[in-house]
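Structure file my_file25.cif (mmCIF, C-alpha atoms) is printed below.
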```cif
data_data
loop_
_atom_site.group_PDB
_atom_site.id
_atom_site.type_symbol
_atom_site.label_atom_id
_atom_site.label_comp_id
_atom_site.auth_asym_id
_atom_site.auth_seq_id
_atom_site.Cartn_x
_atom_site.Cartn_y
_atom_site.Cartn_z
ATOM 1 C CA MET A 3 114.525 53.283 125.780
ATOM 2 C CA PHE A 4 115.130 51.498 129.019
ATOM 3 C CA VAL A 5 112.908 51.301 132.079
ATOM 4 C CA TYR A 6 114.255 50.159 135.439
ATOM 5 C CA GLU A 7 112.406 47.496 137.381
ATOM 6 C CA LYS A 8 113.154 47.648 141.108
ATOM 7 C CA LYS A 9 113.941 43.945 141.510
ATOM 8 C CA LEU A 10 116.623 41.423 140.549
ATOM 9 C CA GLN A 11 116.024 38.934 137.754
ATOM 10 C CA TYR A 12 117.112 36.264 140.265
ATOM 11 C CA PRO A 13 117.208 36.828 144.044
ATOM 12 C CA VAL A 14 120.485 37.211 145.980
ATOM 13 C CA LYS A 15 120.645 36.937 149.769
ATOM 14 C CA ILE A 16 124.088 36.107 151.138
ATOM 15 C CA LYS A 17 124.154 35.443 154.885
ATOM 16 C CA THR A 18 127.946 35.118 155.332
ATOM 17 C CA PRO A 19 130.181 37.841 153.882
ATOM 18 C CA ASN A 20 133.442 36.674 152.323
ATOM 19 C CA ALA A 21 135.667 39.273 150.642
ATOM 20 C CA ALA A 22 137.994 36.613 149.231
ATOM 21 C CA MET A 23 135.129 35.399 147.021
ATOM 22 C CA ALA A 24 134.122 38.946 146.033
ATOM 23 C CA LYS A 25 137.676 39.475 144.794
ATOM 24 C CA PHE A 26 137.302 36.982 141.950
ATOM 25 C CA ILE A 27 133.531 37.103 141.393
ATOM 26 C CA ILE A 28 134.023 40.758 140.370
ATOM 27 C CA ALA A 29 135.509 39.243 137.179
ATOM 28 C CA GLN A 30 131.945 38.883 135.936
ATOM 29 C CA TYR A 31 131.175 42.527 136.736
ATOM 30 C CA GLY A 32 133.954 44.233 134.803
ATOM 31 C CA GLY A 33 136.299 41.539 133.483
ATOM 32 C CA PRO A 34 136.907 40.495 129.849
ATOM 33 C CA SER A 35 134.109 37.881 129.944
ATOM 34 C CA GLY A 36 131.915 39.900 132.303
ATOM 35 C CA GLU A 37 128.373 41.189 132.091
ATOM 36 C CA ALA A 38 129.260 44.860 131.466
ATOM 37 C CA GLY A 39 131.172 43.869 128.342
ATOM 38 C CA ALA A 40 128.398 41.495 127.281
ATOM 39 C CA ALA A 41 125.718 44.215 127.535
ATOM 40 C CA MET A 42 127.901 46.753 125.671
ATOM 41 C CA ARG A 43 128.798 44.209 122.996
ATOM 42 C CA TYR A 44 125.251 43.094 122.122
ATOM 43 C CA LEU A 45 123.541 46.470 122.561
ATOM 44 C CA SER A 46 126.156 47.969 120.209
ATOM 45 C CA GLN A 47 126.406 45.122 117.696
ATOM 46 C CA ARG A 48 122.627 45.177 117.202
ATOM 47 C CA PHE A 49 122.719 48.451 115.230
ATOM 48 C CA SER A 50 124.305 46.773 112.207
ATOM 49 C CA MET A 51 122.224 43.573 112.334
ATOM 50 C CA PRO A 52 120.388 43.322 109.016
ATOM 51 C CA TYR A 53 117.515 40.972 109.981
ATOM 52 C CA SER A 54 114.593 41.670 112.312
ATOM 53 C CA GLU A 55 114.907 38.400 114.274
ATOM 54 C CA LEU A 56 118.527 39.283 115.030
ATOM 55 C CA LYS A 57 117.712 42.873 115.993
ATOM 56 C CA ALA A 58 115.204 41.461 118.496
ATOM 57 C CA ALA A 59 117.518 38.775 119.904
ATOM 58 C CA TYR A 60 120.468 41.178 120.284
ATOM 59 C CA THR A 61 118.289 43.788 121.986
ATOM 60 C CA ASP A 62 116.779 41.268 124.408
ATOM 61 C CA ILE A 63 120.006 39.448 125.257
ATOM 62 C CA GLY A 64 121.878 42.751 125.692
ATOM 63 C CA THR A 65 119.112 43.979 127.970
ATOM 64 C CA GLU A 66 119.172 40.781 130.025
ATOM 65 C CA GLU A 67 122.947 41.204 130.478
ATOM 66 C CA LEU A 68 122.297 44.551 132.202
ATOM 67 C CA GLY A 69 120.108 42.618 134.638
ATOM 68 C CA HIS A 70 122.934 40.119 135.142
ATOM 69 C CA LEU A 71 125.374 42.963 135.800
ATOM 70 C CA GLU A 72 123.069 44.013 138.621
ATOM 71 C CA ILE A 73 122.993 40.459 140.044
ATOM 72 C CA VAL A 74 126.815 40.182 140.040
ATOM 73 C CA GLY A 75 127.119 43.670 141.583
ATOM 74 C CA THR A 76 124.687 42.614 144.308
ATOM 75 C CA ILE A 77 126.719 39.463 145.034
ATOM 76 C CA VAL A 78 129.944 41.509 145.355
ATOM 77 C CA HIS A 79 128.204 44.132 147.512
ATOM 78 C CA GLN A 80 126.712 41.563 149.905
ATOM 79 C CA LEU A 81 129.959 39.555 150.133
ATOM 80 C CA THR A 82 131.871 42.623 151.354
ATOM 81 C CA LYS A 83 129.203 44.234 153.561
ATOM 82 C CA GLY A 84 129.766 44.507 157.293
ATOM 83 C CA LEU A 85 133.315 43.118 157.503
ATOM 84 C CA SER A 86 135.871 44.650 159.892
ATOM 85 C CA GLU A 87 139.203 46.023 158.657
ATOM 86 C CA GLU A 88 140.848 42.988 160.217
ATOM 87 C CA GLU A 89 138.575 40.526 158.349
ATOM 88 C CA LEU A 90 138.986 42.404 155.059
ATOM 89 C CA LYS A 91 142.761 42.262 155.503
ATOM 90 C CA LYS A 92 142.712 38.560 156.368
ATOM 91 C CA GLN A 93 140.517 37.826 153.339
ATOM 92 C CA GLY A 94 143.010 39.435 150.955
ATOM 93 C CA PHE A 95 140.923 42.530 150.213
ATOM 94 C CA SER A 96 143.434 45.250 151.215
ATOM 95 C CA GLU A 97 144.465 46.409 147.725
ATOM 96 C CA TYR A 98 140.887 46.675 146.501
ATOM 97 C CA PHE A 99 139.814 48.342 149.756
ATOM 98 C CA VAL A 100 142.456 51.072 149.472
ATOM 99 C CA GLU A 101 141.162 52.073 146.005
ATOM 100 C CA HIS A 102 137.427 51.461 146.307
ATOM 101 C CA THR A 103 136.576 50.830 149.999
ATOM 102 C CA THR A 104 133.685 48.341 149.591
ATOM 103 C CA GLY A 105 132.205 50.057 146.544
ATOM 104 C CA VAL A 106 131.525 47.918 143.458
ATOM 105 C CA TYR A 107 134.002 48.906 140.731
ATOM 106 C CA PRO A 108 133.944 47.348 137.240
ATOM 107 C CA GLN A 109 137.267 45.524 137.078
ATOM 108 C CA SER A 110 138.639 42.083 136.288
ATOM 109 C CA ALA A 111 139.679 39.566 138.952
ATOM 110 C CA ALA A 112 143.260 40.723 138.331
ATOM 111 C CA GLY A 113 142.288 44.349 139.045
ATOM 112 C CA ASP A 114 142.285 45.701 135.478
ATOM 113 C CA PRO A 115 139.565 48.321 135.037
ATOM 114 C CA PHE A 116 136.720 47.487 132.636
ATOM 115 C CA SER A 117 137.752 48.205 129.074
ATOM 116 C CA ALA A 118 135.837 48.283 125.795
ATOM 117 C CA ALA A 119 139.092 46.920 124.342
ATOM 118 C CA THR A 120 137.858 43.500 125.573
ATOM 119 C CA LEU A 121 135.170 43.559 122.873
ATOM 120 C CA ASN A 122 134.707 44.631 119.295
ATOM 121 C CA VAL A 123 131.866 45.789 117.097
ATOM 122 C CA LYS A 124 132.797 44.943 113.537
ATOM 123 C CA GLY A 125 129.586 46.016 111.807
ATOM 124 C CA ASP A 126 129.704 42.689 109.987
ATOM 125 C CA LEU A 127 126.983 40.099 110.478
ATOM 126 C CA PHE A 128 129.061 36.923 110.705
ATOM 127 C CA GLY A 129 132.051 38.544 112.376
ATOM 128 C CA ASP A 130 129.903 39.928 115.187
ATOM 129 C CA LEU A 131 127.838 36.731 115.467
ATOM 130 C CA ALA A 132 130.999 34.659 115.895
ATOM 131 C CA GLU A 133 132.192 37.006 118.658
ATOM 132 C CA SER A 134 128.819 36.792 120.423
ATOM 133 C CA LEU A 135 128.890 32.982 120.329
ATOM 134 C CA GLY A 136 132.427 32.912 121.718
ATOM 135 C CA ALA A 137 131.580 35.452 124.420
ATOM 136 C CA GLU A 138 128.722 33.316 125.753
ATOM 137 C CA GLN A 139 130.954 30.240 125.979
ATOM 138 C CA LYS A 140 133.731 32.195 127.691
ATOM 139 C CA ALA A 141 131.331 33.695 130.219
ATOM 140 C CA ARG A 142 129.938 30.210 130.898
ATOM 141 C CA VAL A 143 133.475 28.930 131.559
ATOM 142 C CA THR A 144 134.128 31.825 133.971
ATOM 143 C CA TYR A 145 130.983 30.877 135.918
ATOM 144 C CA ASP A 146 132.120 27.225 135.889
ATOM 145 C CA ASN A 147 135.471 28.342 137.316
ATOM 146 C CA ILE A 148 133.755 30.458 139.994
ATOM 147 C CA LEU A 149 131.636 27.420 140.960
ATOM 148 C CA ARG A 150 134.848 25.393 141.336
ATOM 149 C CA MET A 151 136.101 27.955 143.877
ATOM 150 C CA VAL A 152 132.911 28.616 145.875
ATOM 151 C CA ASP A 153 131.137 26.351 148.375
ATOM 152 C CA ASP A 154 128.598 28.760 149.939
ATOM 153 C CA PRO A 155 125.143 27.746 148.575
ATOM 154 C CA ASP A 156 123.894 31.375 148.916
ATOM 155 C CA VAL A 157 126.544 32.374 146.357
ATOM 156 C CA ARG A 158 126.425 29.243 144.195
ATOM 157 C CA ASP A 159 122.680 29.509 143.625
ATOM 158 C CA PRO A 160 122.607 32.828 141.679
ATOM 159 C CA ILE A 161 125.919 31.935 139.955
ATOM 160 C CA LYS A 162 124.316 28.700 138.683
ATOM 161 C CA PHE A 163 121.402 30.726 137.332
ATOM 162 C CA LEU A 164 123.786 33.072 135.497
ATOM 163 C CA ARG A 165 125.734 30.110 134.107
ATOM 164 C CA ALA A 166 122.533 28.560 132.736
ATOM 165 C CA ARG A 167 121.636 31.846 131.025
ATOM 166 C CA GLU A 168 124.959 31.796 129.116
ATOM 167 C CA ILE A 169 123.982 28.409 127.700
ATOM 168 C CA VAL A 170 120.541 29.652 126.636
ATOM 169 C CA HIS A 171 121.991 32.803 125.065
ATOM 170 C CA TYR A 172 124.524 30.731 123.136
ATOM 171 C CA GLN A 173 121.631 28.640 121.822
ATOM 172 C CA ARG A 174 119.730 31.747 120.664
ATOM 173 C CA PHE A 175 122.836 33.219 118.962
ATOM 174 C CA ALA A 176 123.413 29.890 117.211
ATOM 175 C CA GLU A 177 119.858 30.126 115.898
ATOM 176 C CA CYS A 178 120.579 33.693 114.774
ATOM 177 C CA GLN A 179 123.563 32.345 112.862
ATOM 178 C CA ARG A 180 121.370 29.663 111.249
ATOM 179 C CA ILE A 181 118.736 32.275 110.276
ATOM 180 C CA ALA A 182 121.443 34.517 108.782
ATOM 181 C CA GLN A 183 123.006 31.626 106.880
ATOM 182 C CA GLU A 184 119.640 30.622 105.408
ATOM 183 C CA LYS A 185 119.232 34.150 104.046
ATOM 184 C CA LEU A 186 122.490 33.945 102.102
ATOM 185 C CA ASN A 187 122.470 33.406 98.383
ATOM 186 C CA CYS A 188 122.179 29.642 97.788
ATOM 187 C CA LYS A 189 125.425 29.701 95.800
ATOM 188 C CA ASN A 190 127.307 31.184 98.750
ATOM 189 C CA TYR A 191 128.831 28.279 100.649
ATOM 190 C CA TYR A 192 130.782 30.542 102.972
ATOM 191 C CA MET A 193 129.560 32.568 105.922
ATOM 192 C CA TYR A 194 130.379 35.846 104.257
ATOM 193 C CA ASN A 195 127.812 38.528 103.679
ATOM 194 C CA PRO A 196 128.834 42.030 104.683
ATOM 195 C CA SER A 197 126.135 43.958 106.547
ATOM 196 C CA TYR A 198 127.513 47.244 105.216
ATOM 197 C CA ASP A 199 124.800 48.522 102.945
ATOM 198 C CA GLY A 200 126.754 51.127 101.020
ATOM 199 C CA VAL A 201 125.742 54.693 100.301
ATOM 200 C CA ARG A 202 122.194 55.788 101.066
ATOM 201 C CA ARG A 203 120.413 56.887 97.882
ATOM 202 C CA MET B 12 111.480 34.564 153.336
ATOM 203 C CA ASN B 13 108.890 37.186 154.322
ATOM 204 C CA GLU B 14 105.533 37.730 152.567
ATOM 205 C CA ARG B 15 106.942 40.452 150.300
ATOM 206 C CA GLU B 16 109.810 38.234 149.193
ATOM 207 C CA LYS B 17 107.426 35.322 148.590
ATOM 208 C CA LEU B 18 105.252 37.440 146.299
ATOM 209 C CA LEU B 19 108.334 38.834 144.546
ATOM 210 C CA ARG B 20 109.579 35.279 143.987
ATOM 211 C CA LYS B 21 106.247 34.227 142.461
ATOM 212 C CA LEU B 22 106.246 37.295 140.226
ATOM 213 C CA SER B 23 109.856 36.669 139.173
ATOM 214 C CA GLU B 24 109.017 33.094 138.182
ATOM 215 C CA GLN B 25 106.184 34.189 135.888
ATOM 216 C CA GLN B 26 108.212 37.083 134.487
ATOM 217 C CA PHE B 27 111.155 34.819 133.808
ATOM 218 C CA ALA B 28 109.007 32.256 132.000
ATOM 219 C CA ALA B 29 107.446 35.043 129.907
ATOM 220 C CA TRP B 30 110.889 36.479 129.115
ATOM 221 C CA GLU B 31 112.275 33.086 128.153
ATOM 222 C CA ALA B 32 109.305 32.436 125.847
ATOM 223 C CA GLY B 33 109.847 35.854 124.259
ATOM 224 C CA LEU B 34 113.544 35.240 123.736
ATOM 225 C CA PHE B 35 112.760 31.895 122.107
ATOM 226 C CA LEU B 36 110.189 33.639 119.889
ATOM 227 C CA ASP B 37 112.859 36.060 118.642
ATOM 228 C CA THR B 38 114.344 33.198 116.645
ATOM 229 C CA HIS B 39 111.066 31.177 116.250
ATOM 230 C CA PRO B 40 108.511 33.958 115.676
ATOM 231 C CA ASN B 41 105.807 31.618 114.358
ATOM 232 C CA CYS B 42 105.961 28.928 117.041
ATOM 233 C CA GLU B 43 102.364 28.511 118.245
ATOM 234 C CA ASP B 44 103.260 26.766 121.508
ATOM 235 C CA ALA B 45 105.687 29.532 122.470
ATOM 236 C CA LEU B 46 103.172 32.242 121.514
ATOM 237 C CA LYS B 47 100.570 30.589 123.740
ATOM 238 C CA ALA B 48 103.057 30.234 126.623
ATOM 239 C CA GLN B 49 104.109 33.879 126.264
ATOM 240 C CA ARG B 50 100.451 35.020 126.500
ATOM 241 C CA GLU B 51 99.780 32.898 129.581
ATOM 242 C CA TYR B 52 102.937 33.868 131.461
ATOM 243 C CA THR B 53 102.610 37.590 130.741
ATOM 244 C CA ALA B 54 98.973 37.518 131.933
ATOM 245 C CA ALA B 55 99.995 35.808 135.185
ATOM 246 C CA ALA B 56 102.897 38.220 135.648
ATOM 247 C CA LYS B 57 100.672 41.255 135.071
ATOM 248 C CA GLU B 58 98.277 40.143 137.794
ATOM 249 C CA LEU B 59 101.093 39.515 140.300
ATOM 250 C CA LYS B 60 102.753 42.808 139.446
ATOM 251 C CA GLU B 61 99.539 44.689 140.222
ATOM 252 C CA LYS B 62 99.196 42.786 143.488
ATOM 253 C CA TYR B 63 102.785 43.672 144.422
ATOM 254 C CA ASN B 64 102.242 47.310 143.530
ATOM 255 C CA GLU B 65 99.142 47.462 145.769
ATOM 256 C CA SER B 66 100.852 45.850 148.765
ATOM 257 C CA TYR B 67 104.527 46.827 148.621
ATOM 258 C CA GLY B 68 104.991 49.866 146.424
ATOM 259 C CA MET B 69 106.370 50.616 143.003
ATOM 260 C CA LEU B 70 108.316 48.196 140.810
ATOM 261 C CA THR B 71 108.761 50.698 138.002
ATOM 262 C CA HIS B 72 108.775 54.460 137.893
ATOM 263 C CA SER B 73 105.487 54.458 135.992
ATOM 264 C CA CYS B 74 103.500 52.465 138.577
ATOM 265 C CA PRO B 75 100.774 54.559 140.222
ATOM 266 C CA ASN B 76 102.048 55.982 143.514
ATOM 267 C CA ARG B 77 99.948 55.136 146.567
ATOM 268 C CA GLY B 78 99.734 57.232 149.738
ATOM 269 C CA SER B 79 101.092 60.680 150.518
ATOM 270 C CA LYS B 80 104.793 59.873 149.999
ATOM 271 C CA TRP B 81 106.704 59.124 146.781
ATOM 272 C CA GLN B 82 107.128 55.354 147.172
ATOM 273 C CA TRP B 83 110.024 55.048 144.707
ATOM 274 C CA VAL B 84 112.479 56.329 147.339
ATOM 275 C CA CYS B 85 111.462 53.677 149.887
ATOM 276 C CA ASP B 86 113.761 50.769 150.828
ATOM 277 C CA PRO B 87 114.484 48.010 150.137
ATOM 278 C CA TRP B 88 116.418 48.323 146.895
ATOM 279 C CA PRO B 89 117.212 45.067 145.059
ATOM 280 C CA TRP B 90 120.790 44.817 146.378
ATOM 281 C CA ASP B 91 119.839 45.504 150.021
ATOM 282 C CA LEU B 92 120.171 42.618 152.465
ATOM 283 C CA ASP B 93 117.168 43.500 154.667
#
```
Before anything else, please render the file you have as structure tokens.
Amino acid sequence: MFVYEKKLQYPVKIKTPNAAMAKFIIAQYGGPSGEAGAAMRYLSQRFSMPYSELKAAYTDIGTEELGHLEIVGTIVHQLTKGLSEEELKKQGFSEYFVEHTTGVYPQSAAGDPFSAATLNVKGDLFGDLAESLGAEQKARVTYDNILRMVDDPDVRDPIKFLRAREIVHYQRFAECQRIAQEKLNCKNYYMYNPSYDGVRR
Amino acid sequence: MNEREKLLRKLSEQQFAAWEAGLFLDTHPNCEDALKAQREYTAAAKELKEKYNESYGMLTHSCPNRGSKWQWVCDPWPWDLD
């Protein structure tokens, strides 16, 4: 089960609101490389992982992504808090404001609502591992792109933390892939070993 | 940064180090150095968590409640600015 801890994994305290930044940082809340998708992907893929090290890594990384979702939501919330209608309009936030006021809605930077269609759970060890590895790299690139657009150190600081976590998670998934490969039959040169375990007897 | 935030920062550092050691251990479950680091960081985090609970209220729902009011409902929440 899950237990909530009333704190962020990394602190966020943004002194200057800026809705223009919130508009694209929300990509990492509900976009195709965002934290909601990451948490759903790993916490769902873990059920068909055949090895205990992988069950542990998928559970822990998926759990950490929920903490990252909270950090990104906090950034978006603080960036839009206390702005006048005039400022929100000037900062290009009108469309979002009409739908969601300054609530935090899981959507991409382009405004598409969060969709599980941005991920898959194949129930296959190497298929799902490959997706996890790709997802970490893509999320890291999104954070790199956000850092290219943002100069406020209050925003850059937690984004840099999140970016670094993508790199660490990629490393752990790569180790998962190595562990899985080592468990293959020595005559199997290909990364192919279906997790599906057939009919229960 | 006020005193509460300073303590929270210290706690977060120890918790993060413990978490990172644990995540590393998921794929290196027999690494002695990581096992030792995990023990040390979790011990430090436990102490700081108790200190925080005594001074500033509950971090988790299962912390003992102090005083005559249910502390869980008290501000600040993690996304609050003040």
Residue among A:Gly69, A:Pro19, A:Pro155, A:Gly39 lying closest to A:Gly84, counting all atoms listed in the file = A:Pro19
Selection as a count of residues only: residues within 12 Å of (103.1, 39.6, 132.0), counting only C-alpha atoms | 26
Explicit residues for the PyMOL selection byres ((chain B) within 6 of (chain A)) (as a VMD selection string) | chain B and resid 37 to 38 70 to 71 89 to 90
Writing out the chosen residues with C-alpha atoms as a PDB file, keeping the file's coordinate frame:
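Result went into part-v9.pdb, see below:
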```pdb
ATOM      1  CA  ASP B  37     112.859  36.060 118.642  1.00  0.00           C
ATOM      2  CA  THR B  38     114.344  33.198 116.645  1.00  0.00           C
ATOM      3  CA  LEU B  70     108.316  48.196 140.810  1.00  0.00           C
ATOM      4  CA  THR B  71     108.761  50.698 138.002  1.00  0.00           C
ATOM      5  CA  PRO B  89     117.212  45.067 145.059  1.00  0.00           C
ATOM      6  CA  TRP B  90     120.790  44.817 146.378  1.00  0.00           C
TER       7      TRP B  90
END
```
For atom CA of A:Gly64 and atom CA of A:Ile148, the interatomic separation in Å (one decimal) |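 Atom-to-atom, atom CA of A:Gly64 and atom CA of A:Ile148 are spaced 22.3 Å apart.
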Distance in Å - atom CA of A:Ser50 versus atom CA of B:Phe35 =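 If I compute the distance from atom CA of A:Ser50 to atom CA of B:Phe35, I get 21.3 Å.
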Residues matched by the PyMOL selection byres ((chain A and resi 124-141) around 10), written as number ranges by chain | A: 29-30, 33-37, 39-40, 43-44, 46-53, 56, 60, 121-123, 142-147, 164-165, 167-176, 178-179, 182-183, 193-198
Tell me, in Å to one decimal, how far atom CA of A:Phe26 is from atom CA of A:Glu89.
->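 These two atoms are separated by 16.8 Å.
Each of A:Met3, A:Ile161, A:Leu71, A:Val152 was compared to A:Asn20 using only C-alpha atoms, and A:Val152 turns out to be the nearest.
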Expected answer as a PDB file with C-alpha atoms, in the coordinates of the input: all residues with atoms within 9 Å of (103.5, 50.8, 150.9), all atoms listed in the file:
```pdb
ATOM      1  CA  ASN B  64     102.242  47.310 143.530  1.00  0.00           C
ATOM      2  CA  GLU B  65      99.142  47.462 145.769  1.00  0.00           C
ATOM      3  CA  SER B  66     100.852  45.850 148.765  1.00  0.00           C
ATOM      4  CA  TYR B  67     104.527  46.827 148.621  1.00  0.00           C
ATOM      5  CA  GLY B  68     104.991  49.866 146.424  1.00  0.00           C
ATOM      6  CA  MET B  69     106.370  50.616 143.003  1.00  0.00           C
ATOM      7  CA  ARG B  77      99.948  55.136 146.567  1.00  0.00           C
ATOM      8  CA  GLY B  78      99.734  57.232 149.738  1.00  0.00           C
ATOM      9  CA  GLN B  82     107.128  55.354 147.172  1.00  0.00           C
ATOM     10  CA  CYS B  85     111.462  53.677 149.887  1.00  0.00           C
TER      11      CYS B  85
END
```
On this file, the PyMOL selection byres ((chain A and resi 97-112) around 6) gives some set of residues; write that set as a PyMOL selection string.
-> chain A and resi 26+28-29+31-33+95-96+113-116
